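Okay, so here's the structure we're looking at.
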Amino acid sequence: MKKTNLPKLVILAVSLITTISAGAQQPVADHPRVLTAADYARAEKSLGYNTAPLVFRSGVRPAWMPDDRFWYRVTTADGSEFLIVDPAKGTREPAFDHAKVAAALSAVAGATYDARHLPFTQFDFSADMKAISFNLRQRRWKCDLQTNQCAAEADSGSGTPRAGGPGATGPAIEALSPDKKRAAFIRDFNLWVRDVASGKETQLTTDGVKDFGYATDNAGWVHSDRAILLWSPDSKKIATFQQDQRKVGEMYLVETKVGHPTLQAWKYPLPGDAVVTTIQRVIIDTDQARVIRLKMPPDQHRSTVCDNIACRGTELADAEWSPDSSELAFVSVSRDHKEANLRIADLTGAVRDVLEEKVKTHFESGQNQWNWRYLPSSHEVIWFSERDNWSHLYLYDSTNGRLKNQVTKGDWAVTDVLRVDQKNRLLYFLAVGREPGRNPYFKHLYRIRFDGTNPTLLTPDEGNHDLTFSPSGRFFVDNYSQPDVAPISVLRDENGKLVTTLEKTDISRLLATGWKPPVPISVKARDGVTNL
């Protein structure tokens, strides 16, 4: 399921076709109409890069703080602004004095900025909320909100490569620990960690070599220099793998450009190859620089979400640490995606099988993320399956792999598990097609008990819902829209009660250009009964 988002809809090819054909004379069969540069110029006005700047106050992407407050940035007709929301008080106000920050930054940064055009889109509050820090020109800056003074922070001096080149602070290549004190990265096929405060680097592995390196990001069809891993909650251990491609065949790609082409060679197994890429799973103790190999055969380079071991940035897919960092739950997937095995490893490397899923076609555990959850405190697992022809959730005993009960059921589909409240034994998830008469492609949020009782709709408004929960789970930001209805952003509590409306998308300038939203249609399927 794709998110329904009005600004993205304006780039649909139908806009191009409609614009070109508008007002055109019906071409004669033997003399098709010749399109002119003016036709293409008119059509180009409806493409995303021309229409997006005409859409304001669209979507809220909350940056949550530990106390459930959050800030977000929104575009306006005259620039942009940062707002901070306190759900408990129901307040919404500027995150800081934009004019004072602009003036303070202009005084030291060698450029002039104004309140509505600050040169950053992300920032971090200090612990006391009296300062903000952000990236600008490949440096980290800090602005004191009390004294209205800004200054560039000192560089750690580390030679570790970062996204953006020398001086950049982006974490695209490094993987930051949960406590933000350490950053893991790859150097010469081995895994290293950098102490963020001092810049000191420590080598964690020593036997990594070409085509048999640690945390390697290479699925064949995509690769990078990022380290693929999962930090433990206590920031002391890393779950990753040593990727074996030593005897795998290569795929040759030629980059076309002006001048001499560039030849690239990737390790890429093809159908029918006798040797394919495998991974040897490991846990690394970062304090002792000790590698713990899991006692199991090599795994396929697969996950239950995508044809890769990393489906979201640098995060190791299908892996979850226990809250106390003593166990690692993960899923081993066959190369053809027909078998999936949930396993749990301890810090000695011992591995035990918990449950197995076998299908005749292709097993996925979710559309955007894996939807299984390991619940060590109650010795249970929430598992996702399509065994009854619909995607639903099941509760298992993690000690013996026995099914306790099916949690969700019916002729509708679960798409995303968003939150598990173990204390109250509640699941929060997105699903489609549950309410009769509603668009079956729109996602809605629901809550249900572990035993399958008391299913509750928490987002009653018609539309496709895209939402994020606060750290405590007591609140969530809900962005919803329809193809012909502009997005609305609201704040709700965990029971679905509306706390406040945050933003309503303004498309008045877009409509003034003559743009019209798409028209939803419904047709009968071949069976003459099903509506599409």
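Residue numbering restarts at 1 in every chain; chains get A, B, ... in the order shown in the structure tokens, and ligands count up from 1 in that same order.
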query = Using only C-alpha atoms, which residues sit within 10 Å of Arg387 in chain A once same-chain residues fewer than 6 positions away are excluded, as a ChimeraX atom specification?
reply = /A:357-359,363
task = Pick out each residue of range 332-460 of chain A that DSSP on the backbone tags as strand (DSSP E or B); I need them as a VMD selection string.
result = chain A and resid 332 to 333 339 to 346 351 to 358 373 to 375 380 to 385 392 to 397 403 to 406 413 to 421 426 to 432 444 to 449 456 to 457
Contact residues around range 421-426 of chain A with only C-alpha atoms at 7 Å, ignoring same-chain residues under 6 positions, as a PyMOL selection string = chain A and resi 447-450
